[in-house]
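Text of model_12.txt, listed as compact mmCIF, C-alpha atoms and all ligand atoms:
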```
# COMPACT_ATOMS: atom_id res chain seq x y z
CA MET E 163 11.39 -24.85 0.62
CA THR E 164 7.87 -24.55 2.01
CA PRO E 165 7.51 -21.83 4.63
CA VAL E 166 6.06 -22.59 8.05
CA ILE E 167 2.40 -21.55 7.94
CA ALA E 168 1.10 -20.22 11.26
CA ARG E 169 -2.64 -19.76 11.70
CA THR E 170 -2.91 -19.27 15.46
CA ARG E 171 -0.98 -17.18 17.98
CA GLU E 172 0.48 -20.39 19.43
CA GLU E 173 1.74 -21.57 16.03
CA LEU E 174 3.18 -18.12 15.38
CA ALA E 175 4.97 -18.03 18.74
CA ALA E 176 6.48 -21.47 18.09
CA ALA E 177 7.65 -20.47 14.61
CA ARG E 178 8.97 -17.10 15.82
CA ALA E 179 11.03 -18.85 18.49
CA GLN E 180 12.86 -20.78 15.75
CA VAL E 181 14.04 -17.60 13.99
CA ARG E 182 17.73 -16.88 14.45
CA GLY E 183 19.10 -13.43 13.67
CA ALA E 184 17.22 -10.48 12.21
CA LEU E 185 13.65 -10.97 10.99
CA ALA E 186 12.36 -8.90 8.08
CA PHE E 187 8.60 -8.67 7.63
CA VAL E 188 6.26 -7.99 4.70
CA PRO E 189 2.62 -7.38 5.71
CA THR E 190 0.13 -8.08 2.88
CA MET E 191 -3.52 -8.76 2.21
CA GLY E 192 -2.61 -11.67 -0.07
CA ALA E 193 -3.50 -12.05 -3.77
CA LEU E 194 0.25 -11.66 -4.18
CA HIS E 195 1.73 -10.22 -7.39
CA GLU E 196 5.10 -9.02 -8.63
CA GLY E 197 4.88 -5.92 -6.41
CA HIS E 198 4.70 -8.12 -3.34
CA ARG E 199 7.50 -10.28 -4.73
CA SER E 200 9.79 -7.24 -4.94
CA LEU E 201 9.02 -6.42 -1.27
CA ILE E 202 9.86 -10.00 -0.26
CA ARG E 203 13.16 -9.78 -2.16
CA ARG E 204 14.00 -6.52 -0.38
CA ALA E 205 13.14 -8.19 2.93
CA ARG E 206 15.53 -11.03 2.16
CA GLU E 207 18.33 -8.47 1.81
CA LEU E 208 17.44 -6.93 5.16
CA GLY E 209 16.98 -9.99 7.37
CA ASP E 210 18.36 -13.43 8.08
CA ALA E 211 14.77 -14.68 7.92
CA VAL E 212 11.62 -13.35 6.24
CA ALA E 213 8.03 -13.40 7.45
CA VAL E 214 5.02 -12.53 5.28
CA SER E 215 1.56 -11.96 6.71
CA ILE E 216 -1.57 -12.60 4.68
CA PHE E 217 -4.59 -11.00 6.27
CA VAL E 218 -7.51 -9.12 4.71
CA ASN E 219 -8.14 -6.65 7.50
CA PRO E 220 -11.86 -5.91 7.96
CA LEU E 221 -11.02 -2.84 10.08
CA GLN E 222 -9.62 -0.94 7.10
CA PHE E 223 -12.61 -1.47 4.78
CA GLY E 224 -15.56 0.93 4.73
CA PRO E 225 -19.16 -0.36 4.74
CA ASN E 226 -19.50 0.03 0.95
CA GLU E 227 -16.08 -1.29 0.05
CA ASP E 228 -14.89 -4.62 -1.36
CA LEU E 229 -14.09 -6.65 1.79
CA ASP E 230 -16.24 -9.62 0.76
CA ARG E 231 -15.07 -9.81 -2.83
CA TYR E 232 -11.41 -8.96 -2.15
CA PRO E 233 -9.41 -11.68 -4.01
CA ARG E 234 -8.20 -14.56 -1.88
CA THR E 235 -5.60 -16.83 -3.53
CA PHE E 236 -3.95 -18.47 -0.54
CA ASP E 237 -2.39 -21.50 -2.26
CA ASP E 238 -0.82 -19.38 -5.00
CA ASP E 239 0.39 -16.92 -2.34
CA VAL E 240 2.13 -19.68 -0.39
CA ALA E 241 3.68 -20.95 -3.64
CA MET E 242 5.15 -17.50 -4.30
CA CYS E 243 6.43 -17.31 -0.72
CA ALA E 244 8.03 -20.75 -1.12
CA ALA E 245 9.66 -19.75 -4.42
CA GLU E 246 11.10 -16.63 -2.76
CA GLY E 247 12.48 -18.47 0.26
CA VAL E 248 10.09 -16.99 2.81
CA ASP E 249 10.54 -18.67 6.19
CA LEU E 250 7.23 -17.91 7.85
CA VAL E 251 3.70 -17.12 6.63
CA TRP E 252 1.39 -15.64 9.26
CA ALA E 253 -2.19 -16.18 8.12
CA PRO E 254 -4.66 -15.54 10.93
CA THR E 255 -8.42 -15.64 10.39
CA PRO E 256 -10.39 -12.52 11.39
CA GLU E 257 -11.46 -14.40 14.56
CA VAL E 258 -7.85 -15.08 15.49
CA MET E 259 -6.82 -11.50 14.80
CA TYR E 260 -9.85 -9.97 16.54
CA PRO E 261 -11.19 -12.36 19.20
CA VAL E 262 -13.26 -9.37 20.35
CA THR E 263 -13.95 -6.14 18.47
CA PRO E 264 -11.07 -3.89 19.51
CA GLU E 265 -12.16 -1.02 21.71
CA VAL E 266 -8.75 0.65 21.76
CA ARG E 267 -7.44 1.60 18.33
CA LEU E 268 -4.85 3.81 16.69
CA SER E 269 -5.75 7.13 15.12
CA ALA E 270 -3.99 8.36 12.00
CA GLY E 271 -4.75 11.95 13.06
CA ARG E 272 -5.00 14.74 10.49
CA MET E 273 -2.99 12.77 7.96
CA GLY E 274 -5.66 10.08 8.10
CA THR E 275 -8.36 12.51 6.96
CA VAL E 276 -6.75 13.99 3.84
CA VAL E 277 -6.23 12.73 0.27
CA GLU E 278 -6.88 8.94 0.35
CA GLY E 279 -8.13 9.33 3.94
CA ALA E 280 -10.83 11.76 2.74
CA ALA E 281 -11.94 9.24 0.09
CA ARG E 282 -11.88 6.35 2.61
CA PRO E 283 -12.87 7.60 6.09
CA GLY E 284 -11.43 5.39 8.84
CA HIS E 285 -9.26 3.41 6.43
CA PHE E 286 -5.92 4.54 7.82
CA ASP E 287 -6.99 4.12 11.46
CA GLY E 288 -7.85 0.50 10.69
CA MET E 289 -4.63 0.00 8.74
CA LEU E 290 -2.42 1.38 11.53
CA THR E 291 -4.25 -0.66 14.15
CA VAL E 292 -3.62 -3.93 12.33
CA VAL E 293 -0.02 -3.09 11.45
CA MET E 294 0.72 -2.33 15.11
CA LYS E 295 -0.89 -5.64 16.10
CA LEU E 296 1.12 -7.46 13.41
CA PHE E 297 4.34 -5.84 14.65
CA HIS E 298 3.60 -7.01 18.19
CA GLN E 299 2.71 -10.51 17.01
CA VAL E 300 5.62 -11.02 14.59
CA ARG E 301 8.23 -8.88 16.38
CA PRO E 302 10.23 -8.05 13.25
CA ASP E 303 13.46 -6.10 13.21
CA ALA E 304 12.56 -4.51 9.87
CA ALA E 305 9.41 -4.23 7.77
CA VAL E 306 9.05 -3.45 4.06
CA PHE E 307 6.21 -1.37 2.57
CA GLY E 308 5.51 -0.37 -1.02
CA ALA E 309 5.76 3.21 -2.25
CA LYS E 310 2.60 2.36 -4.25
CA ASP E 311 0.69 3.16 -1.04
CA ALA E 312 2.57 6.38 -0.34
CA GLN E 313 0.21 7.74 2.32
CA GLN E 314 0.21 4.39 4.12
CA LEU E 315 4.02 4.43 4.08
CA ALA E 316 4.11 8.00 5.43
CA LEU E 317 1.69 7.06 8.21
CA ILE E 318 3.63 3.94 9.18
CA ARG E 319 6.77 6.05 9.43
CA ARG E 320 4.90 8.54 11.63
CA MET E 321 3.49 5.75 13.81
CA VAL E 322 6.95 4.29 14.33
CA ALA E 323 8.41 7.71 15.15
CA ASP E 324 5.51 8.99 17.26
CA LEU E 325 5.07 5.79 19.29
CA ASP E 326 8.71 4.63 19.46
CA VAL E 327 8.00 1.36 17.68
CA PRO E 328 11.29 -0.56 17.49
CA VAL E 329 10.99 -1.60 13.82
CA ARG E 330 13.08 -0.29 10.93
CA ILE E 331 10.79 0.76 8.05
CA GLU E 332 11.96 0.25 4.48
CA ALA E 333 10.24 1.47 1.31
CA ALA E 334 10.27 -0.41 -2.00
CA PRO E 335 9.48 1.28 -5.34
CA THR E 336 6.22 0.70 -7.22
CA VAL E 337 6.24 -2.22 -9.65
CA ARG E 338 4.30 -1.54 -12.88
CA GLU E 339 2.99 -3.36 -15.91
CA PRO E 340 4.91 -2.58 -19.14
CA ASP E 341 2.17 -0.06 -20.06
CA GLY E 342 2.60 1.81 -16.76
CA LEU E 343 -0.34 0.46 -14.75
CA ALA E 344 0.75 -0.06 -11.14
CA LEU E 345 0.31 -3.66 -10.06
CA SER E 346 -2.52 -4.12 -7.58
CA SER E 347 -4.48 -7.06 -6.26
CA ARG E 348 -7.56 -5.10 -7.38
CA ASN E 349 -6.46 -5.09 -11.05
CA ARG E 350 -7.98 -8.55 -11.38
CA TYR E 351 -11.43 -6.98 -11.02
CA LEU E 352 -10.94 -5.04 -14.27
CA SER E 353 -12.56 -6.03 -17.57
CA ASP E 354 -10.44 -5.58 -20.71
CA ALA E 355 -12.07 -2.23 -21.45
CA GLU E 356 -11.69 -1.04 -17.83
CA ARG E 357 -8.06 -2.10 -17.91
CA VAL E 358 -7.50 0.26 -20.86
CA THR E 359 -9.10 3.16 -18.97
CA ALA E 360 -7.02 2.34 -15.88
CA ARG E 361 -3.89 3.26 -17.83
CA TYR E 362 -4.89 6.94 -17.65
CA LEU E 363 -3.83 7.03 -13.99
CA SER E 364 -0.14 6.41 -14.64
CA ARG E 365 -0.26 8.45 -17.86
CA ALA E 366 -1.57 11.44 -15.91
CA LEU E 367 1.16 11.04 -13.30
CA ARG E 368 3.86 10.80 -15.92
CA ALA E 369 2.52 13.88 -17.72
CA GLY E 370 2.64 15.75 -14.41
CA VAL E 371 6.08 14.59 -13.34
CA GLU E 372 7.53 15.61 -16.72
CA ARG E 373 6.62 19.23 -15.92
CA ALA E 374 8.42 19.30 -12.56
CA ALA E 375 10.91 21.92 -13.82
CA ASP E 376 7.99 24.33 -14.38
CA GLY E 377 6.65 24.13 -10.82
CA PRO E 378 3.63 22.71 -8.98
CA ALA E 379 0.89 24.50 -10.95
CA ALA E 380 2.26 23.17 -14.24
CA VAL E 381 2.49 19.66 -12.79
CA ARG E 382 -1.09 19.76 -11.56
CA SER E 383 -2.54 21.07 -14.80
CA ALA E 384 -0.60 18.64 -17.03
CA ALA E 385 -1.85 15.70 -14.97
CA GLN E 386 -5.38 17.12 -14.82
CA ALA E 387 -5.51 17.46 -18.62
CA VAL E 388 -4.94 13.71 -18.99
CA LEU E 389 -7.54 12.99 -16.29
CA ASP E 390 -10.06 15.20 -18.13
CA GLU E 391 -9.56 12.91 -21.14
CA ALA E 392 -10.00 9.88 -18.89
CA ALA E 393 -13.34 11.22 -17.68
CA GLU E 394 -14.54 11.07 -21.31
CA ALA E 395 -13.22 7.55 -21.95
CA ASP E 396 -15.52 4.54 -22.32
CA PRO E 397 -15.76 3.31 -19.60
CA PRO E 398 -14.84 6.57 -17.84
CA LEU E 399 -12.48 7.15 -14.95
CA HIS E 400 -14.35 8.74 -12.02
CA LEU E 401 -11.67 10.82 -10.33
CA ASP E 402 -11.53 10.79 -6.52
CA TYR E 403 -8.55 13.14 -6.25
CA LEU E 404 -5.39 14.45 -7.80
CA ALA E 405 -3.03 15.67 -5.09
CA LEU E 406 0.48 17.12 -5.14
CA VAL E 407 1.72 16.75 -1.60
CA ASP E 408 4.67 16.71 0.75
CA PRO E 409 5.60 13.00 1.06
CA ALA E 410 5.98 13.18 4.84
CA THR E 411 2.80 15.08 5.74
CA PHE E 412 0.50 14.70 2.72
CA GLU E 413 -0.20 18.43 2.82
CA GLU E 414 -0.61 20.10 -0.58
CA VAL E 415 2.60 21.83 -1.63
CA GLY E 416 2.56 25.52 -2.52
CA GLU E 417 3.99 27.15 -5.65
CA ALA E 418 7.24 28.01 -3.83
CA HIS E 419 7.85 24.42 -2.72
CA ALA E 420 11.35 23.06 -3.28
CA GLY E 421 12.41 19.48 -2.58
CA GLU E 422 10.53 16.22 -2.72
CA ALA E 423 6.85 15.86 -3.48
CA VAL E 424 4.44 13.09 -4.40
CA LEU E 425 1.86 13.36 -7.17
CA ALA E 426 -0.98 11.05 -6.12
CA VAL E 427 -4.15 10.08 -7.94
CA ALA E 428 -7.13 7.86 -7.26
CA GLY E 429 -10.31 7.04 -9.07
CA LYS E 430 -12.91 4.45 -9.83
CA VAL E 431 -13.11 2.48 -13.04
CA GLY E 432 -16.41 0.62 -12.97
CA THR E 433 -16.62 -0.39 -9.32
CA THR E 434 -12.86 -0.73 -8.81
CA HIS E 435 -10.99 1.82 -6.67
CA LEU E 436 -7.48 2.33 -8.03
CA ILE E 437 -4.67 4.47 -6.64
CA ASP E 438 -1.24 5.42 -7.90
CA ASN E 439 1.48 7.98 -7.27
CA MET E 440 4.90 9.07 -8.46
CA PRO E 441 7.64 10.90 -6.59
CA LEU E 442 9.09 14.09 -8.00
CA GLN E 443 11.62 16.71 -7.08
CA PHE E 444 11.22 20.50 -7.32
CA GLU E 445 14.40 22.51 -7.65
CA PRO E 446 14.38 25.99 -6.07
CA ARG E 447 13.04 28.42 -8.72
CA GLU E 448 13.48 32.14 -9.07
CA ASN E 449 10.06 33.77 -8.65
P1 LIG P 1 -1.59 -5.06 -0.10
O1 LIG P 1 -1.53 -6.56 -0.14
O2 LIG P 1 -2.23 -4.46 -1.32
O3 LIG P 1 -2.13 -4.53 1.19
O4 LIG P 1 -0.10 -4.57 -0.17
C1 LIG P 1 0.91 -5.09 0.67
C2 LIG P 1 2.18 -4.32 0.45
O5 LIG P 1 2.56 -4.44 -0.93
C3 LIG P 1 2.05 -2.82 0.74
O6 LIG P 1 3.23 -2.37 1.39
C4 LIG P 1 1.90 -2.25 -0.64
O7 LIG P 1 2.35 -0.90 -0.73
C5 LIG P 1 2.79 -3.15 -1.45
N1 LIG P 1 2.45 -3.09 -2.88
C6 LIG P 1 1.23 -3.28 -3.43
N2 LIG P 1 1.29 -3.10 -4.77
C7 LIG P 1 2.58 -2.79 -5.06
C8 LIG P 1 3.29 -2.46 -6.26
N3 LIG P 1 2.69 -2.43 -7.45
N4 LIG P 1 4.60 -2.20 -6.17
C9 LIG P 1 5.24 -2.22 -4.97
N5 LIG P 1 4.63 -2.52 -3.80
C10 LIG P 1 3.33 -2.78 -3.84
```

Will you turn the file into structure tokens for me?
Amino acid sequence: MTPVIARTREELAAARAQVRGALAFVPTMGALHEGHRSLIRRARELGDAVAVSIFVNPLQFGPNEDLDRYPRTFDDDVAMCAAEGVDLVWAPTPEVMYPVTPEVRLSAGRMGTVVEGAARPGHFDGMLTVVMKLFHQVRPDAAVFGAKDAQQLALIRRMVADLDVPVRIEAAPTVREPDGLALSSRNRYLSDAERVTARYLSRALRAGVERAADGPAAVRSAAQAVLDEAAEADPPLHLDYLALVDPATFEEVGEAHAGEAVLAVAGKVGTTHLIDNMPLQFEPREN
């Protein structure tokens, strides 16, 4: 079944009025892949109807980032939505989304300035601003986000808690290629040789996570050793950060940390910015 495609606020309002029961929502920037498909499937479990938004949000791109060349594959995206039984696709143009440049915006606070936020100043403010707008436009009961973007997920949870947003937030695990590379719309930028280098990201994370029993320092150095190799690869990985953080606050965890953590990494291969992370658990250790 083909979903209803809404391109204006009026079309969206008409389509939204047809929805009966709970609506589950998957916000995306399009160029849909199997990671997005898994989010849509989770949304189908959560709602009587599913809405997907496709919008490349200019507000969350920095001046030297890939807004103009970001892949746009609208027909294929709609085909995937149709195959997955999506009811509604919300696909506004930038002019529809931002009839005027927004003066009032959300701030991601301290959490927006660390880790990925330090590498991409303003990114999370722009992301939260559009997600809040999307929530108001679509009025979902639940929304599904990928653990692939762990800091985004943490910030959405904080936004919903801090601002009493009446949407249930669900996380879906990261979908990977058989060799470990996390699926990303940006993977299509990679040449064959860059694609090989990109594998170091997930390899480093795995090497780190395997040392969880030995504590945070061991995790960091095992992952860093793989990233040092990646820096020597041809083409090299240019590391932006390796961070071992509390999943709720994105503050670096100390050596005495027990409980959940996230090992996050980002870097550039050629001109492509790639990020990845894996969750891990630290048991209380003696000394
Ligand atoms: P994007 O279109 O890249 O903005 O992503 C839209 C949603 O899909 C976000 O919630 C992402 O975290 C999620 N997502 C992207 N890649 C993956 C992946 N490999 N596995 C699971 N979720 C993903």

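The gap separating atom CA of E:Glu356 from atom CA of E:Pro397 is 6.2 Å, in Å to one decimal.
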
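Between E:Asn219 and the residues E:Met191, E:Val424, E:Leu363, E:Val300, the shortest atom-to-atom distance, using only C-alpha atoms, involves E:Met191.
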
Padding of 8 Å on every side, edges along x, y and z, all listed atoms of stretch 330-340 of chain E included: what centre and edge lengths in Å, to one decimal, does that box have, as lines of an AutoDock Vina configuration file?
```
center_x = 8.0
center_y = -0.9
center_z = -4.1
size_x = 26.1
size_y = 20.8
size_z = 46.1
```

Environment of ligand LIG 1 (chain P) within 9 Å, counting only C-alpha atoms and all ligand atoms, reported as a VMD selection string:
chain E and resid 188 to 201 216 to 219 306 to 312 314 to 315 333 to 339 343 to 348 438

Could you save those same residues with C-alpha atoms as a JSON list (two decimals), in the frame of the given file?
```
[["chain", "number", "residue", "atom", "x", "y", "z"],
["E", 188, "VAL", "CA", 6.26, -7.99, 4.70],
["E", 189, "PRO", "CA", 2.62, -7.38, 5.71],
["E", 190, "THR", "CA", 0.13, -8.08, 2.88],
["E", 191, "MET", "CA", -3.52, -8.76, 2.21],
["E", 192, "GLY", "CA", -2.61, -11.67, -0.07],
["E", 193, "ALA", "CA", -3.50, -12.05, -3.77],
["E", 194, "LEU", "CA", 0.25, -11.66, -4.18],
["E", 195, "HIS", "CA", 1.73, -10.22, -7.39],
["E", 196, "GLU", "CA", 5.10, -9.02, -8.63],
["E", 197, "GLY", "CA", 4.88, -5.92, -6.41],
["E", 198, "HIS", "CA", 4.70, -8.12, -3.34],
["E", 199, "ARG", "CA", 7.50, -10.28, -4.73],
["E", 200, "SER", "CA", 9.79, -7.24, -4.94],
["E", 201, "LEU", "CA", 9.02, -6.42, -1.27],
["E", 216, "ILE", "CA", -1.57, -12.60, 4.68],
["E", 217, "PHE", "CA", -4.59, -11.00, 6.27],
["E", 218, "VAL", "CA", -7.51, -9.12, 4.71],
["E", 219, "ASN", "CA", -8.14, -6.65, 7.50],
["E", 306, "VAL", "CA", 9.05, -3.45, 4.06],
["E", 307, "PHE", "CA", 6.21, -1.37, 2.57],
["E", 308, "GLY", "CA", 5.51, -0.37, -1.02],
["E", 309, "ALA", "CA", 5.76, 3.21, -2.25],
["E", 310, "LYS", "CA", 2.60, 2.36, -4.25],
["E", 311, "ASP", "CA", 0.69, 3.16, -1.04],
["E", 312, "ALA", "CA", 2.57, 6.38, -0.34],
["E", 314, "GLN", "CA", 0.21, 4.39, 4.12],
["E", 315, "LEU", "CA", 4.02, 4.43, 4.08],
["E", 333, "ALA", "CA", 10.24, 1.47, 1.31],
["E", 334, "ALA", "CA", 10.27, -0.41, -2.00],
["E", 335, "PRO", "CA", 9.48, 1.28, -5.34],
["E", 336, "THR", "CA", 6.22, 0.70, -7.22],
["E", 337, "VAL", "CA", 6.24, -2.22, -9.65],
["E", 338, "ARG", "CA", 4.30, -1.54, -12.88],
["E", 339, "GLU", "CA", 2.99, -3.36, -15.91],
["E", 343, "LEU", "CA", -0.34, 0.46, -14.75],
["E", 344, "ALA", "CA", 0.75, -0.06, -11.14],
["E", 345, "LEU", "CA", 0.31, -3.66, -10.06],
["E", 346, "SER", "CA", -2.52, -4.12, -7.58],
["E", 347, "SER", "CA", -4.48, -7.06, -6.26],
["E", 348, "ARG", "CA", -7.56, -5.10, -7.38],
["E", 438, "ASP", "CA", -1.24, 5.42, -7.90]]
```

Quick one: residues within 9 Å of E:Ala355, all atoms listed in the file, excluding same-chain residues fewer than 4 positions away - as a VMD selection string?
chain E and resid 359 to 360 396 to 397

Provide the atom CA of E:Leu406 to atom CA of E:Gly377 distance in Å, to one decimal place.
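So the two atoms, atom CA of E:Leu406 and atom CA of E:Gly377, lie 10.9 Å apart.
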
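When atom CA of E:Val322 is paired with atom CA of E:Val248, their separation reads 24.4 Å.
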
Quick one: residues within 6 Å of stretch 180-187 of chain E, only C-alpha atoms counted, chain neighbours fewer than 4 positions away excluded, as a list in words?
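With the cut-off at 6 Å, the set is Ala205, Gly209, Asp210, Ala211, Val212, Ala213, Val214, Pro302, Asp303, Ala304 and Ala305 of chain E.
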
Find the residues near E:Thr291: any atom within 12 Å, counting all atoms listed in the file, skip ones fewer than 6 places away on the same chain, and give them as number ranges by chain.
E: 219-222, 259-260, 263-270, 284-285, 297-298, 317-318, 321

Mind checking which residues fall within 8 Å of E:Val277, counting only C-alpha atoms, ignoring those fewer than 4 positions away in the same chain, and posting them as a ChimeraX atom specification?
/E:281,403,405,412

Mind writing the picked residues with C-alpha atoms as a PDB file, in the frame of the given file?
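This is the output file selection_20.pdb:
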```pdb
ATOM      1  CA  ALA E 281     -11.940   9.240   0.090  1.00  0.00           C
ATOM      2  CA  TYR E 403      -8.550  13.140  -6.250  1.00  0.00           C
ATOM      3  CA  ALA E 405      -3.030  15.670  -5.090  1.00  0.00           C
ATOM      4  CA  PHE E 412       0.500  14.700   2.720  1.00  0.00           C
TER       5      PHE E 412
END
```

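With distances taken over all atoms listed in the file, E:Asp402 is the one residue among E:Glu257, E:Asp228, E:Asp402, E:Asp390 lying closest to E:Gly279.
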
Compare E:Thr170, E:Thr164, E:Thr255, E:Gln313 by their minimum atom-to-atom distance to E:Cys243, counting all atoms listed in the file, and give me the closest one.
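Of all the options, E:Thr164 lies closest to E:Cys243.
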
Of the residues E:Ile331, E:Pro225, E:Val240, E:Arg319, which is the one nearest to E:Leu208, using all atoms listed in the file?
E:Ile331

Considering all atoms listed in the file, can you say which of E:Gln443, E:Glu207, E:Ala316, E:Leu404 comes closest to E:Glu422?
E:Gln443

Within 8 Å of (6.3, -21.1, 6.8), in the coordinates the file gives, what residues turn up when you count all atoms listed in the file, written out as an MDAnalysis selection string?
chainID E and resid 164:168 177 213 248:252

Let's have the selection written as a PDB file, keeping the file's coordinate frame, with C-alpha atoms.
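File produced: part.pdb:
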```pdb
ATOM      1  CA  THR E 164       7.870 -24.550   2.010  1.00  0.00           C
ATOM      2  CA  PRO E 165       7.510 -21.830   4.630  1.00  0.00           C
ATOM      3  CA  VAL E 166       6.060 -22.590   8.050  1.00  0.00           C
ATOM      4  CA  ILE E 167       2.400 -21.550   7.940  1.00  0.00           C
ATOM      5  CA  ALA E 168       1.100 -20.220  11.260  1.00  0.00           C
ATOM      6  CA  ALA E 177       7.650 -20.470  14.610  1.00  0.00           C
ATOM      7  CA  ALA E 213       8.030 -13.400   7.450  1.00  0.00           C
ATOM      8  CA  VAL E 248      10.090 -16.990   2.810  1.00  0.00           C
ATOM      9  CA  ASP E 249      10.540 -18.670   6.190  1.00  0.00           C
ATOM     10  CA  LEU E 250       7.230 -17.910   7.850  1.00  0.00           C
ATOM     11  CA  VAL E 251       3.700 -17.120   6.630  1.00  0.00           C
ATOM     12  CA  TRP E 252       1.390 -15.640   9.260  1.00  0.00           C
TER      13      TRP E 252
END
```

Just want the 9 Å neighbourhood of stretch 380-383 of chain E, counted on all atoms listed in the file, with same-chain residues fewer than 3 positions away dropped. Output as a ChimeraX atom specification.
/E:367,369-377,386-388,404-406,425

Under the rule that all atoms listed in the file are counted, which of E:Leu436, E:Pro409, E:Leu290, E:Phe444 is the nearest residue to E:Gly421?
E:Phe444

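A distance cut-off of 6 Å around (-3.5, 8.5, -3.5), counting all atoms listed in the file, selects these protein and nucleic acid residues: Glu278, Ala426, Val427, Ala428, Ile437 and Asp438 of chain E.
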
Please, could you write that set of residues out with C-alpha atoms as a JSON list (two decimals), in the frame of the given file?
```
[["chain", "number", "residue", "atom", "x", "y", "z"],
["E", 278, "GLU", "CA", -6.88, 8.94, 0.35],
["E", 426, "ALA", "CA", -0.98, 11.05, -6.12],
["E", 427, "VAL", "CA", -4.15, 10.08, -7.94],
["E", 428, "ALA", "CA", -7.13, 7.86, -7.26],
["E", 437, "ILE", "CA", -4.67, 4.47, -6.64],
["E", 438, "ASP", "CA", -1.24, 5.42, -7.90]]
```

Place N, CA and C atoms on stretch 309-327 of chain E and deliver the coordinates as a short mmCIF file (atom, residue, chain, number, x, y, z; two decimals), in the frame of the given file.
```cif
data_model
loop_
_atom_site.label_atom_id
_atom_site.label_comp_id
_atom_site.auth_asym_id
_atom_site.auth_seq_id
_atom_site.Cartn_x
_atom_site.Cartn_y
_atom_site.Cartn_z
N ALA E 309 6.02 1.80 -1.97
CA ALA E 309 5.76 3.21 -2.25
C ALA E 309 4.44 3.38 -3.00
N LYS E 310 3.92 2.31 -3.58
CA LYS E 310 2.60 2.36 -4.25
C LYS E 310 1.55 2.96 -3.32
N ASP E 311 1.63 2.62 -2.03
CA ASP E 311 0.69 3.16 -1.04
C ASP E 311 1.43 4.23 -0.24
N ALA E 312 1.65 5.38 -0.89
CA ALA E 312 2.57 6.38 -0.34
C ALA E 312 2.06 6.97 0.98
N GLN E 313 0.75 7.15 1.09
CA GLN E 313 0.21 7.74 2.32
C GLN E 313 0.28 6.72 3.45
N GLN E 314 0.05 5.47 3.13
CA GLN E 314 0.21 4.39 4.12
C GLN E 314 1.65 4.38 4.64
N LEU E 315 2.60 4.44 3.71
CA LEU E 315 4.02 4.43 4.08
C LEU E 315 4.34 5.63 4.99
N ALA E 316 3.84 6.81 4.62
CA ALA E 316 4.11 8.00 5.43
C ALA E 316 3.52 7.83 6.84
N LEU E 317 2.33 7.24 6.91
CA LEU E 317 1.69 7.06 8.21
C LEU E 317 2.39 6.01 9.06
N ILE E 318 2.88 4.95 8.42
CA ILE E 318 3.63 3.94 9.18
C ILE E 318 4.91 4.57 9.75
N ARG E 319 5.56 5.38 8.93
CA ARG E 319 6.77 6.05 9.43
C ARG E 319 6.43 6.95 10.61
N ARG E 320 5.31 7.68 10.52
CA ARG E 320 4.90 8.54 11.63
C ARG E 320 4.56 7.72 12.87
N MET E 321 3.85 6.61 12.67
CA MET E 321 3.49 5.75 13.81
C MET E 321 4.75 5.28 14.54
N VAL E 322 5.72 4.82 13.75
CA VAL E 322 6.95 4.29 14.33
C VAL E 322 7.71 5.39 15.07
N ALA E 323 7.72 6.59 14.49
CA ALA E 323 8.41 7.71 15.15
C ALA E 323 7.62 8.19 16.36
N ASP E 324 6.32 8.39 16.20
CA ASP E 324 5.51 8.99 17.26
C ASP E 324 5.37 8.06 18.46
N LEU E 325 5.33 6.75 18.20
CA LEU E 325 5.07 5.79 19.29
C LEU E 325 6.30 4.95 19.63
N ASP E 326 7.46 5.35 19.14
CA ASP E 326 8.71 4.63 19.46
C ASP E 326 8.60 3.13 19.21
N VAL E 327 8.11 2.78 18.03
CA VAL E 327 8.00 1.36 17.68
C VAL E 327 9.36 0.88 17.20
#
```
